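This is model26.tsv (TSV, C-alpha atoms).
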chain	number	residue	atom	x	y	z
A	19	MET	CA	0.00	0.00	0.00
A	20	LEU	CA	2.78	2.40	0.98
A	21	ALA	CA	4.66	1.57	-2.21
A	22	GLY	CA	1.52	2.29	-4.20
A	23	ILE	CA	1.06	5.69	-2.54
A	24	LEU	CA	4.73	6.57	-3.11
A	25	ALA	CA	4.57	5.45	-6.73
A	26	GLY	CA	1.38	7.46	-7.18
A	27	GLY	CA	3.20	10.46	-5.80
A	28	VAL	CA	5.97	9.96	-8.34
A	29	VAL	CA	3.37	9.81	-11.12
A	30	ALA	CA	1.69	12.95	-9.83
A	31	SER	CA	4.98	14.84	-9.69
A	32	ARG	CA	5.86	13.65	-13.21
A	33	LEU	CA	2.48	14.82	-14.51
A	34	ASP	CA	3.18	18.21	-12.95
A	35	ASP	CA	6.47	18.63	-14.83
A	36	GLY	CA	4.86	19.99	-17.99
A	37	SER	CA	3.90	16.72	-19.66
A	38	GLU	CA	0.20	17.58	-19.50
A	39	LEU	CA	0.84	20.88	-21.32
A	40	ILE	CA	3.16	19.17	-23.83
A	41	ALA	CA	0.44	16.62	-24.63
A	42	ALA	CA	-2.13	19.41	-25.03
A	43	ILE	CA	0.22	21.33	-27.35
A	44	ASP	CA	0.67	18.25	-29.50
A	45	GLU	CA	-3.05	17.61	-29.94
A	46	THR	CA	-4.58	21.12	-30.19
A	47	PRO	CA	-4.98	22.73	-33.64
A	48	LEU	CA	-3.26	26.04	-34.46
A	49	THR	CA	-4.82	29.16	-35.98
A	50	ARG	CA	-2.76	31.41	-38.24
A	51	VAL	CA	-2.94	35.08	-37.18
A	52	ALA	CA	0.06	36.86	-38.75
A	53	GLU	CA	3.07	36.40	-41.03
A	54	VAL	CA	6.84	36.69	-40.83
A	55	GLU	CA	7.68	37.63	-44.41
A	56	ALA	CA	10.22	35.75	-46.51
A	57	SER	CA	13.25	37.91	-47.16
A	58	GLU	CA	16.86	37.66	-48.33
A	59	GLY	CA	16.78	33.86	-48.58
A	60	ALA	CA	14.98	33.28	-45.30
A	61	PRO	CA	11.64	31.48	-45.82
A	62	GLY	CA	8.34	32.96	-44.72
A	63	ARG	CA	6.77	31.72	-41.51
A	64	GLY	CA	3.31	31.89	-40.02
A	65	VAL	CA	2.43	33.16	-36.56
A	66	PHE	CA	-0.12	30.88	-34.89
A	67	VAL	CA	-2.20	30.90	-31.72
A	68	GLN	CA	-3.36	27.83	-29.85
A	69	LEU	CA	-5.80	27.56	-26.94
A	70	THR	CA	-5.13	24.36	-25.00
A	71	LYS	CA	-7.42	22.45	-22.67
A	72	THR	CA	-4.85	23.07	-19.91
A	73	GLY	CA	-5.86	26.75	-19.93
A	74	HIS	CA	-2.89	28.10	-21.89
A	75	LEU	CA	-2.69	30.49	-24.81
A	76	CYS	CA	0.33	29.52	-26.92
A	77	VAL	CA	1.87	31.61	-29.70
A	78	TRP	CA	4.09	29.85	-32.23
A	79	GLU	CA	6.18	30.66	-35.29
A	80	ALA	CA	6.15	27.79	-37.81
A	81	PRO	CA	6.14	27.02	-41.55
A	82	SER	CA	2.57	25.70	-41.29
A	83	ALA	CA	-0.15	24.86	-38.77
A	84	THR	CA	0.83	21.18	-38.77
A	85	SER	CA	4.60	21.53	-38.82
A	86	ARG	CA	6.66	20.17	-35.93
A	87	GLN	CA	9.24	22.86	-36.71
A	88	ARG	CA	7.64	25.34	-34.37
A	89	GLY	CA	8.92	27.46	-31.54
A	90	GLY	CA	7.33	29.92	-29.18
A	91	GLY	CA	5.65	29.91	-25.84
A	92	CYS	CA	2.56	29.59	-23.70
A	93	ASN	CA	1.01	31.66	-20.93
A	94	SER	CA	-2.05	31.16	-18.79
A	95	VAL	CA	-5.22	32.37	-20.52
A	96	ASP	CA	-5.79	34.44	-17.38
A	97	ASP	CA	-2.61	36.44	-18.09
A	98	PRO	CA	-1.79	35.89	-21.78
A	99	LEU	CA	0.45	38.96	-22.14
A	100	ASN	CA	2.30	38.56	-18.83
A	101	GLY	CA	0.53	41.59	-17.41
A	102	SER	CA	2.02	43.78	-20.14
A	103	ALA	CA	0.71	45.48	-23.28
A	104	LEU	CA	2.49	42.88	-25.40
A	105	SER	CA	4.27	39.56	-25.30
A	106	ALA	CA	6.93	38.82	-27.93
A	107	THR	CA	9.34	36.02	-28.77
A	108	LEU	CA	12.65	36.71	-30.52
A	109	SER	CA	13.61	33.92	-32.90
A	110	TYR	CA	17.02	33.54	-34.53
A	111	ASP	CA	19.26	31.03	-36.19
A	112	GLY	CA	23.03	31.21	-35.78
A	113	GLY	CA	25.02	33.02	-33.16
A	114	PRO	CA	25.29	33.53	-30.26
A	115	ALA	CA	27.49	36.35	-31.63
A	116	ILE	CA	25.23	38.71	-33.58
A	117	ALA	CA	27.57	38.68	-36.60
A	118	ASP	CA	26.99	34.92	-36.90
A	119	VAL	CA	23.18	35.16	-36.94
A	120	ARG	CA	21.82	34.05	-40.33
A	121	SER	CA	18.19	35.10	-39.80
A	122	ALA	CA	16.12	36.64	-37.04
A	123	SER	CA	12.48	37.46	-36.48
A	124	LEU	CA	10.11	38.62	-33.80
A	125	PHE	CA	6.51	37.55	-33.26
A	126	GLY	CA	3.79	37.72	-30.65
A	127	LEU	CA	0.62	39.41	-29.47
A	128	ALA	CA	-0.25	42.91	-28.32
A	129	ALA	CA	-3.30	44.19	-26.44
A	130	LYS	CA	-6.08	45.56	-28.60
A	131	ASP	CA	-5.55	49.13	-27.33
A	132	VAL	CA	-1.99	49.26	-28.65
A	133	VAL	CA	-1.89	51.63	-31.61
A	134	ARG	CA	1.75	51.24	-32.59
A	135	ALA	CA	4.54	48.81	-31.76
A	136	SER	CA	8.23	49.20	-32.59
A	137	VAL	CA	11.49	47.38	-32.12
A	138	LEU	CA	14.18	49.46	-30.45
A	139	MET	CA	17.49	48.57	-32.10
A	140	SER	CA	20.94	48.74	-30.55
A	141	ASP	CA	21.81	51.81	-32.66
A	142	GLY	CA	18.90	53.70	-31.09
A	143	THR	CA	16.58	53.57	-34.09
A	144	LEU	CA	12.98	52.30	-33.99
A	145	ARG	CA	11.54	49.85	-36.54
A	146	ASP	CA	7.76	49.86	-36.75
A	147	ILE	CA	5.91	46.54	-36.63
A	148	LYS	CA	2.63	45.89	-38.44
A	149	LEU	CA	-0.18	44.87	-36.11
A	150	LYS	CA	-3.02	42.66	-37.29
A	151	ARG	CA	-6.29	42.02	-35.50
A	152	ALA	CA	-6.48	38.52	-34.08
A	153	ARG	CA	-8.80	36.50	-31.90
A	154	ALA	CA	-8.02	33.66	-29.52
A	155	GLY	CA	-11.25	32.22	-28.18
A	156	SER	CA	-13.32	35.18	-26.99
A	157	ASP	CA	-10.30	37.46	-26.49
A	158	GLU	CA	-9.16	40.04	-29.01
A	159	PHE	CA	-5.50	40.81	-29.62
A	160	GLN	CA	-3.23	42.23	-32.27
A	161	ALA	CA	-0.76	39.76	-33.73
A	162	PHE	CA	2.58	40.60	-35.30
A	163	GLY	CA	5.48	39.04	-37.13
A	164	TYR	CA	8.62	40.93	-38.09
A	165	ARG	CA	11.73	39.92	-40.05
A	166	PHE	CA	15.04	41.63	-39.16
A	167	LYS	CA	17.24	42.82	-42.03
A	168	LYS	CA	20.41	40.84	-42.62
A	169	GLY	CA	22.30	44.07	-43.22
A	170	ASP	CA	21.54	45.21	-39.67
A	171	LEU	CA	22.70	41.90	-38.21
A	172	ARG	CA	25.91	41.95	-40.27
A	173	ARG	CA	26.68	45.42	-38.90
A	174	GLY	CA	26.10	44.17	-35.36
A	175	ILE	CA	22.81	46.03	-34.99
A	176	GLY	CA	20.23	43.95	-33.17
A	177	PRO	CA	17.04	44.38	-31.14
A	178	THR	CA	17.16	45.55	-27.54
A	179	ALA	CA	13.44	45.89	-26.78
A	180	ILE	CA	9.96	45.87	-28.25
A	181	VAL	CA	7.83	48.84	-27.26
A	182	ALA	CA	4.06	49.43	-27.42
A	183	PHE	CA	2.50	52.91	-27.77
A	184	ASP	CA	-0.98	54.40	-27.49
A	185	ALA	CA	-2.59	56.90	-29.89
A	186	ALA	CA	-0.87	59.82	-28.17
A	187	GLY	CA	2.54	58.19	-28.52
A	188	ALA	CA	2.76	57.35	-24.84
A	189	GLU	CA	4.53	54.12	-23.99
A	190	LEU	CA	2.16	51.36	-22.86
A	191	GLY	CA	4.69	48.60	-22.33
A	192	ARG	CA	8.21	47.45	-23.09
A	193	GLN	CA	9.80	44.02	-23.26
A	194	PRO	CA	13.61	43.86	-23.25
A	195	THR	CA	15.18	41.36	-25.65
A	196	GLY	CA	18.44	40.75	-27.50
A	197	ILE	CA	20.64	38.28	-29.32
A	198	GLY	CA	23.16	36.19	-27.39
B	24	MET	CA	-0.37	-10.99	-4.74
B	25	LYS	CA	-1.09	-11.13	-8.46
B	26	ARG	CA	-3.20	-7.96	-8.21
B	27	ALA	CA	-0.40	-6.18	-6.38
B	28	VAL	CA	2.10	-7.14	-9.08
B	29	ILE	CA	-0.28	-5.91	-11.79
B	30	GLY	CA	-0.83	-2.69	-9.86
B	31	VAL	CA	2.89	-2.03	-9.47
B	32	ALA	CA	3.45	-2.82	-13.17
B	33	ALA	CA	0.72	-0.36	-14.11
B	34	VAL	CA	2.26	2.36	-11.97
B	35	VAL	CA	5.72	1.71	-13.45
B	36	ALA	CA	4.23	1.90	-16.95
B	37	LEU	CA	2.58	5.21	-16.08
B	38	VAL	CA	5.84	6.61	-14.71
B	39	LEU	CA	7.75	5.52	-17.80
B	40	ALA	CA	5.09	6.92	-20.14
B	41	SER	CA	4.96	10.27	-18.41
B	42	THR	CA	8.76	10.39	-18.26
B	43	ALA	CA	9.00	9.73	-22.00
B	44	LEU	CA	6.50	12.52	-22.70
B	45	ALA	CA	8.12	14.98	-20.33
B	46	GLY	CA	11.65	14.01	-21.44
B	47	TYR	CA	14.81	14.67	-19.55
B	48	GLN	CA	15.00	17.48	-17.03
B	49	TYR	CA	18.55	18.72	-17.54
B	50	ALA	CA	18.09	21.64	-15.14
B	51	PRO	CA	15.74	20.72	-12.26
B	52	PRO	CA	13.54	23.44	-10.71
B	53	ARG	CA	15.70	26.11	-9.06
B	54	GLN	CA	16.18	29.83	-8.64
B	55	TRP	CA	17.70	31.44	-11.76
B	56	THR	CA	19.68	34.66	-12.01
B	57	PRO	CA	20.62	36.75	-15.08
B	58	GLY	CA	23.31	35.04	-17.17
B	59	ALA	CA	22.84	31.60	-15.63
B	60	GLY	CA	22.65	28.72	-18.09
B	61	ALA	CA	22.44	24.95	-18.31
B	62	GLY	CA	22.86	22.30	-21.00
B	63	SER	CA	21.87	18.73	-21.70
B	64	THR	CA	24.04	15.95	-23.11
B	65	PHE	CA	24.64	15.87	-26.88
B	66	SER	CA	22.28	13.68	-28.90
B	67	SER	CA	21.00	13.31	-32.46
B	68	ASN	CA	17.56	12.33	-31.16
B	69	TRP	CA	16.30	15.45	-29.37
B	70	LEU	CA	12.94	16.79	-30.57
B	71	ALA	CA	12.28	19.90	-28.48
B	72	ASN	CA	13.74	21.96	-25.67
B	73	ASN	CA	11.65	23.90	-23.15
B	74	PHE	CA	12.19	26.30	-20.27
B	75	ARG	CA	9.28	26.12	-17.83
B	76	THR	CA	8.90	28.86	-15.27
B	77	TYR	CA	6.48	29.51	-12.46
B	78	GLY	CA	5.07	33.01	-12.79
B	79	SER	CA	5.01	35.19	-15.86
B	80	GLY	CA	7.24	37.88	-17.29
B	81	THR	CA	10.45	35.88	-16.95
B	82	ASP	CA	13.00	36.67	-19.67
B	83	LYS	CA	14.81	33.54	-20.88
B	84	THR	CA	16.29	31.73	-23.91
B	85	VAL	CA	16.15	28.17	-25.24
B	86	THR	CA	18.32	26.89	-28.08
B	87	PHE	CA	20.16	23.89	-29.53
B	88	ILE	CA	23.97	23.91	-29.78
B	89	ARG	CA	25.70	21.84	-32.47
B	90	ASN	CA	28.54	19.60	-31.32
B	91	THR	CA	30.87	20.53	-34.20
B	92	THR	CA	30.54	24.31	-34.51
B	93	TYR	CA	29.02	25.21	-31.13
B	94	GLY	CA	26.70	27.49	-33.11
B	95	TRP	CA	23.15	28.18	-31.84
B	96	TYR	CA	20.15	26.87	-33.78
B	97	ASN	CA	16.44	27.69	-33.60
B	98	THR	CA	16.94	30.02	-30.66
B	99	LYS	CA	13.87	31.49	-28.95
B	100	ARG	CA	13.95	34.29	-26.36
B	101	GLY	CA	10.82	35.44	-24.60
B	102	THR	CA	8.92	35.89	-21.37
B	103	SER	CA	6.25	33.20	-21.75
B	104	ASP	CA	5.79	30.91	-18.75
B	105	TYR	CA	6.58	28.01	-21.08
B	106	LEU	CA	9.15	28.68	-23.84
B	107	GLU	CA	9.96	25.98	-26.39
B	108	THR	CA	12.03	25.44	-29.52
B	109	TYR	CA	12.54	22.46	-31.82
B	110	ALA	CA	15.70	20.56	-32.70
B	111	PRO	CA	17.28	20.70	-36.17
B	112	PHE	CA	16.87	17.49	-38.15
B	113	ASP	CA	20.51	16.88	-39.00
B	114	GLY	CA	23.50	16.45	-36.72
B	115	THR	CA	24.13	16.17	-33.01
B	116	TYR	CA	23.03	18.87	-30.62
B	117	LYS	CA	22.61	19.66	-26.96
B	118	ALA	CA	19.70	21.58	-25.50
B	119	HIS	CA	20.74	24.79	-23.80
B	120	CYS	CA	18.80	27.32	-21.71
B	121	VAL	CA	19.78	30.75	-20.40
B	122	SER	CA	18.13	33.05	-17.88
B	123	HIS	CA	18.01	36.83	-18.37
B	124	SER	CA	16.16	37.63	-15.14
B	125	TYR	CA	15.35	36.29	-11.67
B	126	PHE	CA	12.79	33.49	-11.45
B	127	TRP	CA	12.10	29.89	-10.46
B	128	GLY	CA	12.08	27.34	-13.26
B	129	SER	CA	13.38	24.20	-14.96
B	130	CYS	CA	14.80	23.24	-18.37
B	131	ASN	CA	13.68	20.06	-20.13
B	132	VAL	CA	14.47	18.29	-23.39
B	133	ARG	CA	12.65	15.45	-25.13
Show how you would write the structure in this file as structure tokens.
Amino acid sequence: MLAGILAGGVVASRLDDGSELIAAIDETPLTRVAEVEASEGAPGRGVFVQLTKTGHLCVWEAPSATSRQRGGGCNSVDDPLNGSALSATLSYDGGPAIADVRSASLFGLAAKDVVRASVLMSDGTLRDIKLKRARAGSDEFQAFGYRFKKGDLRRGIGPTAIVAFDAAGAELGRQPTGIG
Amino acid sequence: MKRAVIGVAAVVALVLASTALAGYQYAPPRQWTPGAGAGSTFSSNWLANNFRTYGSGTDKTVTFIRNTTYGWYNTKRGTSDYLETYAPFDGTYKAHCVSHSYFWGSCNVR
């Protein structure tokens, strides 16, 4: 009996290590909400949302809705943007030195009251990101996908933050990021 | 006795199944600080690498590192509670995770 209880405890702890979410990710369909454009030899990618039965909203970048070549992340549906005006994932191949990065992109979701979003680059310039209305379940967001220019990466210029603004230009939220 | 054996076998099967799904926890749950990292063993069979944190807004990176060039592949950096990337199809890689802030979490590869 004791062995059974202990073994059950092991099972319970294993099931709490993310395997339930992983199983839900594998079986739940994805909905395309934005694009990362093909550019300079880098293929285009879709930006997808996924509402799992575990109560997570996941955002992925992938070639297609059924591809296993996907990366991104999940948050609780109760706090899908981490309490911020946006939640973004930086995606890159190569590195970790910025000069060795072959391609880089940024994707994610912003709150519906965000009017403009930009990437703050390491040279101090801002690159505007297109926002596209998206829906995940009953919640409305704005989805985005952005491809970084190879020329910037070659010159060692990379992203340092993504910033959200309101209609008056006031900052609504900022997420630091960076390569390496 | 027979029932007990069957019961234990069922529990062992459940543990093995859940372990296979969850994969290998190369960095067990702990407190992370900016710049801290961890890596798995090298393998040509990894499918995906995840950094699981408890509480949102935690800046972190997951990637795969090739055994020949030590270059980074399919890197993802973000603040999601659960951050995941996939392994390249060719070659031998290790899963690698890096923290950019303070939080509690674990890194896992499958």
Restrict the distance test to all atoms listed in the file, flag each residue of chain A within 6 Å of chain B, and return the flagged residues as an MDAnalysis selection string. chainID A and resid 29 37 87 89:93 100 107:114
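Relative to atom CA of A:Ala106, atom CA of A:Phe159 is found at 12.7 Å.
Between atom CA of A:Phe166 and atom CA of A:Glu53 there is a distance of 13.2 Å.
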Residue with the minimum atom-to-atom distance to A:Gly169, picked from A:Leu99, A:Ala117, A:Ala83, A:Ala41 with all atoms listed in the file counted, is A:Ala117
Take atom CA of A:Glu58 and atom CA of A:Arg145 and report the distance between them in Å, one decimal. 17.8 Å
Reconstructed stretch 112-125 of chain A, atom set N, CA and C atoms, as a compact mmCIF listing (two decimals), in the coordinates of the input:
# COMPACT_ATOMS: atom_id res chain seq x y z
N GLY A 112 21.64 30.80 -35.74
CA GLY A 112 23.03 31.21 -35.78
C GLY A 112 23.37 31.97 -34.50
N GLY A 113 24.61 32.35 -34.38
CA GLY A 113 25.02 33.02 -33.16
C GLY A 113 25.68 32.03 -32.21
N PRO A 114 25.92 32.41 -30.95
CA PRO A 114 25.29 33.53 -30.26
C PRO A 114 25.83 34.92 -30.59
N ALA A 115 27.02 35.01 -31.25
CA ALA A 115 27.49 36.35 -31.63
C ALA A 115 26.58 36.89 -32.73
N ILE A 116 26.20 38.15 -32.64
CA ILE A 116 25.23 38.71 -33.58
C ILE A 116 25.73 38.62 -35.04
N ALA A 117 27.02 38.74 -35.25
CA ALA A 117 27.57 38.68 -36.60
C ALA A 117 27.38 37.30 -37.23
N ASP A 118 27.17 36.29 -36.40
CA ASP A 118 26.99 34.92 -36.90
C ASP A 118 25.52 34.54 -37.08
N VAL A 119 24.61 35.46 -36.82
CA VAL A 119 23.18 35.16 -36.94
C VAL A 119 22.78 35.22 -38.42
N ARG A 120 22.20 34.13 -38.91
CA ARG A 120 21.82 34.05 -40.33
C ARG A 120 20.44 34.65 -40.58
N SER A 121 19.52 34.51 -39.65
CA SER A 121 18.19 35.10 -39.80
C SER A 121 17.60 35.33 -38.42
N ALA A 122 16.74 36.32 -38.33
CA ALA A 122 16.12 36.64 -37.04
C ALA A 122 14.74 37.24 -37.27
N SER A 123 13.84 36.93 -36.39
CA SER A 123 12.48 37.46 -36.48
C SER A 123 11.91 37.67 -35.08
N LEU A 124 10.78 38.33 -35.06
CA LEU A 124 10.11 38.62 -33.80
C LEU A 124 8.62 38.40 -34.02
N PHE A 125 7.95 37.78 -33.09
CA PHE A 125 6.51 37.55 -33.26
C PHE A 125 5.84 37.54 -31.90
